[in-house]
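Chemist: Below is query-v6.txt; it holds compact mmCIF, C-alpha atoms.
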```txt
# COMPACT_ATOMS: atom_id res chain seq x y z
CA MET A 158 -56.46 -36.86 -49.82
CA TRP A 159 -59.62 -38.76 -49.11
CA ASN A 160 -61.02 -36.10 -46.76
CA PRO A 161 -62.24 -33.75 -49.55
CA VAL A 162 -63.86 -36.70 -51.32
CA ARG A 163 -65.58 -37.82 -48.15
CA ASN A 164 -66.84 -34.29 -47.45
CA LEU A 165 -68.20 -34.06 -51.00
CA VAL A 166 -70.00 -37.38 -50.63
CA ARG A 167 -71.47 -36.33 -47.27
CA ARG A 168 -72.72 -33.03 -48.72
CA SER A 169 -74.32 -34.79 -51.67
CA VAL A 170 -76.06 -37.17 -49.29
CA ARG A 171 -77.22 -34.38 -46.98
CA ARG A 172 -78.56 -32.15 -49.76
CA PRO A 173 -81.56 -34.37 -50.67
CA TRP A 174 -82.56 -34.55 -47.02
CA ARG A 175 -82.14 -30.80 -46.65
CA LEU A 176 -84.17 -30.20 -49.81
CA ALA A 177 -86.89 -32.54 -48.56
CA ALA A 178 -86.96 -30.73 -45.21
CA GLU A 179 -87.24 -27.32 -46.89
CA VAL A 180 -90.03 -28.51 -49.20
CA SER A 181 -91.87 -30.02 -46.23
CA ALA A 182 -91.52 -26.75 -44.30
CA LEU A 183 -92.93 -24.79 -47.25
CA LEU A 184 -95.87 -27.16 -47.60
CA ILE A 185 -96.66 -26.94 -43.89
CA ALA A 186 -96.39 -23.14 -44.00
CA ALA A 187 -98.75 -23.02 -47.00
CA LEU A 188 -101.18 -25.32 -45.23
CA VAL A 189 -101.18 -23.12 -42.12
CA ALA A 190 -101.44 -19.87 -44.10
CA PHE A 191 -104.24 -21.01 -46.42
CA PRO A 192 -107.10 -20.43 -43.91
CA LEU A 193 -105.79 -16.90 -43.31
CA TYR A 194 -105.62 -16.32 -47.07
CA TRP A 195 -109.17 -17.59 -47.50
CA MET A 196 -110.39 -15.37 -44.67
CA VAL A 197 -108.88 -12.23 -46.20
CA LEU A 198 -110.05 -13.24 -49.68
CA SER A 199 -113.61 -13.78 -48.48
CA ALA A 200 -113.55 -10.38 -46.79
CA PHE A 201 -112.92 -8.73 -50.17
CA LYS A 202 -115.27 -10.94 -52.20
CA PRO A 203 -118.74 -9.68 -53.16
CA ALA A 204 -121.69 -11.46 -51.59
CA GLY A 205 -122.47 -13.39 -54.78
CA GLU A 206 -119.05 -15.03 -54.90
CA ILE A 207 -119.07 -15.89 -51.18
CA GLU A 208 -122.40 -17.69 -51.49
CA SER A 209 -121.51 -19.39 -54.75
CA THR A 210 -121.61 -23.19 -54.84
CA ARG A 211 -118.37 -23.12 -56.85
CA PRO A 212 -115.89 -21.17 -54.73
CA ARG A 213 -112.73 -19.91 -56.39
CA PRO A 214 -109.42 -19.11 -54.67
CA TRP A 215 -109.40 -15.64 -56.26
CA THR A 216 -111.71 -12.76 -57.08
CA LEU A 217 -111.80 -10.47 -60.10
CA SER A 218 -114.09 -7.90 -58.49
CA PRO A 219 -112.82 -7.09 -54.97
CA THR A 220 -115.01 -4.87 -52.84
CA LEU A 221 -114.88 -3.14 -49.46
CA ASP A 222 -118.57 -3.57 -48.71
CA SER A 223 -117.94 -6.15 -45.99
CA PHE A 224 -115.47 -3.85 -44.22
CA ARG A 225 -117.91 -0.99 -44.59
CA ARG A 226 -120.61 -2.98 -42.80
CA VAL A 227 -118.14 -3.84 -40.03
CA PHE A 228 -117.11 -0.24 -39.36
CA GLU A 229 -120.67 1.00 -39.61
CA GLN A 230 -121.52 -0.96 -36.49
CA GLN A 231 -122.05 1.63 -33.79
CA GLU A 232 -120.40 -0.37 -31.00
CA PHE A 233 -117.46 -1.70 -33.02
CA GLY A 234 -115.07 0.96 -31.71
CA ARG A 235 -116.09 0.23 -28.13
CA TYR A 236 -115.63 -3.52 -28.68
CA PHE A 237 -112.17 -2.89 -30.10
CA LEU A 238 -111.21 -0.71 -27.13
CA ASN A 239 -112.54 -3.29 -24.66
CA SER A 240 -110.47 -6.04 -26.28
CA LEU A 241 -107.41 -3.81 -26.19
CA VAL A 242 -107.90 -2.99 -22.50
CA VAL A 243 -108.35 -6.66 -21.60
CA ALA A 244 -105.34 -7.86 -23.63
CA VAL A 245 -102.96 -5.13 -22.46
CA SER A 246 -104.02 -5.54 -18.82
CA VAL A 247 -103.52 -9.30 -18.95
CA VAL A 248 -100.09 -8.95 -20.58
CA ALA A 249 -98.85 -6.27 -18.16
CA VAL A 250 -100.12 -7.83 -14.91
CA SER A 251 -99.24 -11.42 -15.80
CA ALA A 252 -95.74 -10.44 -16.95
CA LEU A 253 -95.05 -8.56 -13.70
CA ILE A 254 -96.35 -11.32 -11.43
CA ALA A 255 -94.68 -14.06 -13.47
CA PHE A 256 -91.31 -12.32 -13.34
CA LEU A 257 -91.44 -11.89 -9.57
CA ALA A 258 -92.75 -15.41 -8.99
CA ALA A 259 -90.18 -17.01 -11.31
CA THR A 260 -87.42 -15.15 -9.47
CA ALA A 261 -88.76 -16.31 -6.12
CA VAL A 262 -89.02 -20.01 -7.00
CA THR A 263 -85.59 -19.96 -8.65
CA ARG A 264 -83.45 -17.89 -6.29
CA PHE A 265 -84.98 -18.74 -2.92
CA ARG A 266 -85.34 -22.00 -1.02
CA PHE A 267 -88.58 -22.44 0.90
CA ARG A 268 -90.94 -25.22 1.89
CA PHE A 269 -93.27 -26.69 -0.74
CA ARG A 270 -91.30 -25.05 -3.54
CA THR A 271 -91.30 -28.26 -5.59
CA THR A 272 -94.97 -28.79 -4.82
CA LEU A 273 -95.73 -25.31 -6.07
CA LEU A 274 -93.92 -25.96 -9.34
CA ILE A 275 -95.82 -29.22 -9.82
CA MET A 276 -99.07 -27.34 -9.22
CA PHE A 277 -98.14 -24.95 -12.02
CA LEU A 278 -97.84 -27.91 -14.38
CA ILE A 279 -101.12 -29.44 -13.19
CA ALA A 280 -102.90 -26.12 -13.68
CA GLN A 281 -101.91 -26.16 -17.36
CA MET A 282 -103.49 -29.59 -17.82
CA VAL A 283 -106.96 -28.53 -16.66
CA PRO A 284 -109.16 -27.56 -19.66
CA ILE A 285 -110.63 -24.09 -19.52
CA GLU A 286 -114.09 -25.40 -20.40
CA ALA A 287 -114.16 -27.48 -17.21
CA LEU A 288 -113.66 -24.38 -15.06
CA THR A 289 -116.01 -22.00 -16.86
CA ILE A 290 -119.04 -22.74 -14.68
CA PRO A 291 -117.14 -22.50 -11.34
CA LEU A 292 -115.56 -19.28 -12.58
CA PHE A 293 -119.00 -17.94 -13.46
CA PHE A 294 -120.24 -18.41 -9.90
CA GLN A 295 -117.00 -16.95 -8.55
CA MET A 296 -117.29 -13.85 -10.74
CA ARG A 297 -120.92 -13.53 -9.68
CA ASP A 298 -119.98 -13.67 -5.98
CA PHE A 299 -117.26 -11.06 -6.58
CA GLY A 300 -119.73 -8.82 -8.39
CA GLN A 301 -117.65 -8.84 -11.57
CA LEU A 302 -120.22 -10.12 -14.06
CA ASN A 303 -120.80 -7.75 -17.00
CA THR A 304 -117.46 -6.05 -16.35
CA LEU A 305 -114.08 -6.27 -18.02
CA GLY A 306 -112.67 -7.54 -14.73
CA ALA A 307 -114.52 -10.82 -15.34
CA LEU A 308 -112.36 -11.27 -18.46
CA ILE A 309 -109.08 -9.92 -17.12
CA LEU A 310 -108.86 -11.92 -13.88
CA PRO A 311 -109.40 -15.43 -15.36
CA HIS A 312 -106.96 -14.81 -18.20
CA ILE A 313 -104.30 -13.65 -15.75
CA ALA A 314 -104.86 -16.80 -13.69
CA PHE A 315 -104.61 -19.09 -16.73
CA SER A 316 -101.56 -17.37 -18.22
CA LEU A 317 -99.47 -17.33 -15.04
CA PRO A 318 -98.56 -21.06 -14.74
CA PHE A 319 -97.09 -21.19 -18.25
CA ALA A 320 -95.35 -17.82 -17.85
CA ILE A 321 -93.80 -18.70 -14.47
CA TRP A 322 -92.61 -22.09 -15.65
CA MET A 323 -91.06 -20.63 -18.80
CA LEU A 324 -89.43 -17.64 -17.06
CA ARG A 325 -87.96 -19.95 -14.44
CA GLY A 326 -85.51 -21.23 -17.05
CA PHE A 327 -84.43 -17.71 -18.00
CA VAL A 328 -83.88 -16.67 -14.39
CA LYS A 329 -81.99 -19.88 -13.70
CA ALA A 330 -79.70 -19.21 -16.69
CA VAL A 331 -78.45 -15.99 -15.07
CA PRO A 332 -75.33 -16.95 -13.06
CA GLU A 333 -75.51 -16.42 -9.33
CA ALA A 334 -71.99 -15.00 -9.54
CA LEU A 335 -73.44 -12.01 -11.38
CA GLU A 336 -75.83 -11.40 -8.53
CA GLU A 337 -73.02 -11.68 -5.97
CA ALA A 338 -70.87 -9.27 -7.96
CA ALA A 339 -73.72 -6.77 -8.05
CA TYR A 340 -74.11 -6.99 -4.27
CA ILE A 341 -70.36 -6.51 -3.79
CA ASP A 342 -70.55 -3.36 -5.94
CA GLY A 343 -73.20 -1.99 -3.62
CA ALA A 344 -76.36 -2.80 -5.58
CA SER A 345 -79.44 -3.58 -3.53
CA ARG A 346 -81.66 -6.56 -4.24
CA THR A 347 -84.26 -4.30 -5.80
CA ARG A 348 -81.73 -2.65 -8.08
CA PHE A 349 -80.35 -6.01 -9.18
CA LEU A 350 -83.87 -7.27 -9.82
CA TRP A 351 -84.97 -4.43 -12.12
CA GLN A 352 -81.74 -3.08 -13.62
CA ILE A 353 -79.81 -6.32 -14.18
CA LEU A 354 -82.05 -9.38 -14.00
CA PHE A 355 -85.10 -7.88 -15.72
CA PRO A 356 -83.27 -6.90 -18.97
CA LEU A 357 -81.65 -10.34 -19.13
CA VAL A 358 -84.98 -12.21 -18.95
CA LEU A 359 -86.84 -9.71 -21.14
CA PRO A 360 -86.86 -12.05 -24.20
CA GLY A 361 -88.62 -14.67 -22.09
CA LEU A 362 -91.14 -12.09 -20.91
CA VAL A 363 -91.85 -11.12 -24.52
CA ALA A 364 -92.39 -14.76 -25.50
CA THR A 365 -94.85 -15.37 -22.67
CA SER A 366 -96.56 -12.03 -23.33
CA VAL A 367 -97.31 -13.05 -26.91
CA PHE A 368 -99.19 -16.13 -25.75
CA SER A 369 -101.04 -14.11 -23.10
CA PHE A 370 -101.99 -11.43 -25.62
CA ILE A 371 -103.32 -13.92 -28.18
CA SER A 372 -105.31 -15.82 -25.56
CA ALA A 373 -106.95 -12.68 -24.19
CA TRP A 374 -107.49 -11.04 -27.58
CA ASN A 375 -109.18 -14.05 -29.18
CA ASP A 376 -111.22 -15.07 -26.16
CA PHE A 377 -114.83 -15.94 -26.90
CA LEU A 378 -115.74 -18.42 -24.17
CA PHE A 379 -115.31 -16.11 -21.19
CA ALA A 380 -116.79 -13.13 -23.05
CA LYS A 381 -119.88 -15.16 -23.92
CA SER A 382 -120.21 -16.61 -20.40
CA PHE A 383 -119.45 -13.60 -18.20
CA ILE A 384 -120.82 -10.68 -20.24
CA ILE A 385 -124.54 -11.43 -20.11
CA SER A 386 -126.62 -8.26 -20.35
CA ASP A 387 -124.30 -5.26 -20.63
CA THR A 388 -123.21 -5.35 -24.29
CA SER A 389 -121.11 -2.22 -23.80
CA GLN A 390 -118.56 -4.47 -22.04
CA SER A 391 -118.34 -6.94 -24.93
CA THR A 392 -115.17 -7.58 -26.88
CA LEU A 393 -114.39 -8.06 -30.57
CA PRO A 394 -115.10 -11.82 -30.75
CA MET A 395 -118.61 -11.07 -29.51
CA ALA A 396 -119.00 -8.43 -32.22
CA LEU A 397 -118.82 -11.17 -34.84
CA LEU A 398 -122.13 -12.54 -33.58
CA VAL A 399 -123.82 -9.44 -35.02
CA PHE A 400 -123.07 -10.73 -38.51
CA TYR A 401 -123.96 -14.35 -37.82
CA LYS A 402 -127.67 -15.01 -38.07
CA PRO A 403 -128.92 -18.60 -38.23
CA ASP A 404 -131.29 -17.85 -41.10
CA ASP A 405 -129.13 -15.44 -43.11
CA PRO A 406 -125.48 -15.28 -41.96
CA ASP A 407 -123.36 -12.44 -43.32
CA TRP A 408 -120.19 -14.38 -44.05
CA GLY A 409 -118.56 -11.37 -45.66
CA GLY A 410 -119.03 -9.37 -42.47
CA VAL A 411 -117.72 -12.28 -40.35
CA MET A 412 -114.60 -12.58 -42.51
CA ALA A 413 -114.03 -8.83 -42.60
CA GLY A 414 -114.41 -8.59 -38.82
CA SER A 415 -112.03 -11.51 -38.35
CA THR A 416 -109.51 -9.82 -40.63
CA VAL A 417 -109.72 -6.60 -38.61
CA MET A 418 -109.23 -8.65 -35.43
CA THR A 419 -106.08 -10.21 -36.87
CA ILE A 420 -104.36 -6.90 -37.66
CA PRO A 421 -103.46 -5.94 -34.03
CA VAL A 422 -102.01 -9.42 -33.46
CA LEU A 423 -99.83 -9.07 -36.56
CA ILE A 424 -98.68 -5.61 -35.45
CA PHE A 425 -97.82 -6.99 -32.02
CA PHE A 426 -95.81 -9.81 -33.63
CA VAL A 427 -93.92 -7.36 -35.85
CA LEU A 428 -93.00 -5.19 -32.87
CA VAL A 429 -91.68 -8.06 -30.73
CA GLN A 430 -90.55 -10.59 -33.33
CA ARG A 431 -86.81 -10.19 -32.69
CA ARG A 432 -87.12 -10.64 -28.95
CA LEU A 433 -89.72 -13.36 -29.48
CA VAL A 434 -87.31 -15.47 -31.53
CA SER A 435 -84.53 -15.11 -28.97
CA GLY A 436 -86.97 -15.84 -26.17
CA LEU A 437 -88.24 -19.04 -27.76
CA GLY A 438 -84.66 -20.04 -28.54
CA GLY A 439 -83.72 -19.57 -24.91
CA ALA A 440 -86.69 -21.62 -23.82
CA VAL A 441 -85.77 -24.49 -26.13
CA LYS A 442 -82.14 -24.33 -25.01
CA ASP A 443 -83.19 -24.52 -21.39
```
For this file, produce the structure as structure tokens.
Modeler:
Amino acid sequence: MWNPVRNLVRRSVRRPWRLAAEVSALLIAALVAFPLYWMVLSAFKPAGEIESTRPRPWTLSPTLDSFRRVFEQQEFGRYFLNSLVVAVSVVAVSALIAFLAATAVTRFRFRFRTTLLIMFLIAQMVPIEALTIPLFFQMRDFGQLNTLGALILPHIAFSLPFAIWMLRGFVKAVPEALEEAAYIDGASRTRFLWQILFPLVLPGLVATSVFSFISAWNDFLFAKSFIISDTSQSTLPMALLVFYKPDDPDWGGVMAGSTVMTIPVLIFFVLVQRRLVSGLGGAVKD
């Protein structure tokens, strides 16, 4: 008889905490989304409102002039294509290598395996800024300066440790009995790898690919350091410098260009969101 009463009391106690958690989540979401809202708003504001000393979180006279200036840039299409080539190349190559490497360090026993995994963790702790100058000389010796290869190769190298470490948990979650059953049924190691194991760890690949895509798409440091003279190899973040002038910055153009840069990332998220959620859930569970 007392069980229903106890359950009612527990629910009444839990509800304030749940309400507080939901309100906190909404406040944090609003705090995170506000800079994006201000960026999009500034892209549609006329120049007079952007430069006003009394900014308002709305506009009554939206305009597309800032977007018009962005798309009138002759090299904007080339910058967009360069960013797309770099991001897609980094995602594809890093995902392939990470999948094979994660399978190797999980399914096989070899010397220095633990040392290799520790090196992956150490590589994530090194700040990118500390390696920019050595990478510059390395790209120069390889003859890759002023090419897209100077952007693709470093991003692949920096995305692999995180991707391998994360995919290792997904590969480990696949029972070895499934692999043995596939071999008994006549499947080769290659067939098991691509037709059975690959679909099972695909959510993890999607999760790591999102981080690789964002890192390569938003890169400014490497693009500024390695693309020196050939502006035809520049990417979208470098295109924003056209609108930033120390004496007279075009903040409307900067915000409009940043908004255009954000659209492909949003599209990518929409396309992979279902697998991304399951991939992150699997990573947390592991």
Chemist: Would you mind listing what lies within 6 Å of range 212-223 of chain A as an MDAnalysis selection string, with all atoms listed in the file counted and same-chain residues fewer than 6 positions away left out?
Modeler: chainID A and resid 201:202 409:410 413
Chemist: Report the distance between CA of Ser246 in chain A and CA of Ser366 in chain A in Å, rounded to one decimal place.
Modeler: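 These two atoms are separated by 10.9 Å.
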Chemist: Which residues come within 10 Å of range 277-283 of chain A, counting only C-alpha atoms, excluding same-chain residues fewer than 3 positions away, as a ChimeraX atom specification?
Modeler: /A:271-274,286-288,314-322
Chemist: Quick one: pull the distance between CA of Arg268 in chain A and CA of Ser251 in chain A, Å, one decimal.
Modeler: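 Atom-to-atom, CA of Arg268 in chain A to CA of Ser251 in chain A, that is 23.9 Å.
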Chemist: Restricting the calculation to all atoms listed in the file: of A:Leu238, A:Val245, A:Ala261, A:Leu292, which residue gets closest to Ser389 in chain A?
Modeler: A:Leu238
Chemist: Excluding Glu232 in chain A and its own-chain neighbours fewer than 6 positions away, which residues fall within 10 Å of it when counting all atoms listed in the file? Please give them as a list of chain:residue names.
Modeler: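 Contacts, with the query itself left out: A:Leu238, A:Thr388, A:Ser389, A:Ser391, A:Thr392, A:Leu393, A:Ala396.
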Chemist: Output the selection as a PDB file, in the frame of the given file - C-alpha atoms for each residue.
Modeler:
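And here's again33.pdb as it stands now:
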```
ATOM      1  CA  LEU A 238    -111.210  -0.710 -27.130  1.00  0.00           C
ATOM      2  CA  THR A 388    -123.210  -5.350 -24.290  1.00  0.00           C
ATOM      3  CA  SER A 389    -121.110  -2.220 -23.800  1.00  0.00           C
ATOM      4  CA  SER A 391    -118.340  -6.940 -24.930  1.00  0.00           C
ATOM      5  CA  THR A 392    -115.170  -7.580 -26.880  1.00  0.00           C
ATOM      6  CA  LEU A 393    -114.390  -8.060 -30.570  1.00  0.00           C
ATOM      7  CA  ALA A 396    -119.000  -8.430 -32.220  1.00  0.00           C
TER       8      ALA A 396
END
```
Chemist: Can you work out which one of A:Ile385, A:Val243, A:Leu357, A:Met412 has the shortest atom-to-atom distance to Phe224 in chain A, counting only C-alpha atoms?
Modeler: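 Checking each candidate against Phe224 in chain A, we get A:Met412 as the closest.
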Chemist: Just range 212-224 of chain A, please, as a compact mmCIF listing (two decimals), in the first residue's frame (only N, CA, C and O atoms).
Modeler:
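Saved to part-v8.txt:
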```txt
# COMPACT_ATOMS: atom_id res chain seq x y z
N PRO A 212 23.99 48.67 -30.77
CA PRO A 212 23.53 47.49 -31.52
C PRO A 212 22.23 46.94 -30.96
O PRO A 212 22.00 46.96 -29.74
N ARG A 213 21.40 46.44 -31.86
CA ARG A 213 20.13 45.84 -31.47
C ARG A 213 20.09 44.40 -31.94
O ARG A 213 20.60 44.09 -33.02
N PRO A 214 19.47 43.53 -31.15
CA PRO A 214 19.40 42.10 -31.54
C PRO A 214 18.31 41.82 -32.57
O PRO A 214 17.76 40.73 -32.59
N TRP A 215 18.02 42.76 -33.43
CA TRP A 215 17.06 42.57 -34.51
C TRP A 215 17.32 43.64 -35.57
O TRP A 215 18.11 44.57 -35.37
N THR A 216 16.69 43.50 -36.70
CA THR A 216 16.76 44.50 -37.76
C THR A 216 15.40 44.61 -38.43
O THR A 216 14.73 43.60 -38.66
N LEU A 217 15.01 45.84 -38.72
CA LEU A 217 13.73 46.09 -39.40
C LEU A 217 13.91 46.31 -40.90
O LEU A 217 12.91 46.47 -41.61
N SER A 218 15.15 46.35 -41.35
CA SER A 218 15.41 46.56 -42.78
C SER A 218 16.49 45.60 -43.26
O SER A 218 17.63 46.01 -43.52
N PRO A 219 16.18 44.30 -43.32
CA PRO A 219 17.19 43.33 -43.78
C PRO A 219 17.59 43.57 -45.23
O PRO A 219 16.78 44.03 -46.05
N THR A 220 18.81 43.26 -45.55
CA THR A 220 19.33 43.46 -46.89
C THR A 220 20.27 42.32 -47.27
O THR A 220 20.86 41.67 -46.39
N LEU A 221 20.43 42.10 -48.55
CA LEU A 221 21.33 41.07 -49.07
C LEU A 221 22.61 41.67 -49.65
O LEU A 221 23.35 40.98 -50.36
N ASP A 222 22.88 42.92 -49.33
CA ASP A 222 24.06 43.57 -49.89
C ASP A 222 25.36 42.88 -49.47
O ASP A 222 26.29 42.74 -50.28
N SER A 223 25.43 42.44 -48.23
CA SER A 223 26.65 41.78 -47.77
C SER A 223 26.88 40.48 -48.52
O SER A 223 28.00 40.16 -48.93
N PHE A 224 25.81 39.70 -48.74
CA PHE A 224 25.94 38.46 -49.50
C PHE A 224 26.29 38.76 -50.96
O PHE A 224 27.05 38.00 -51.58
```
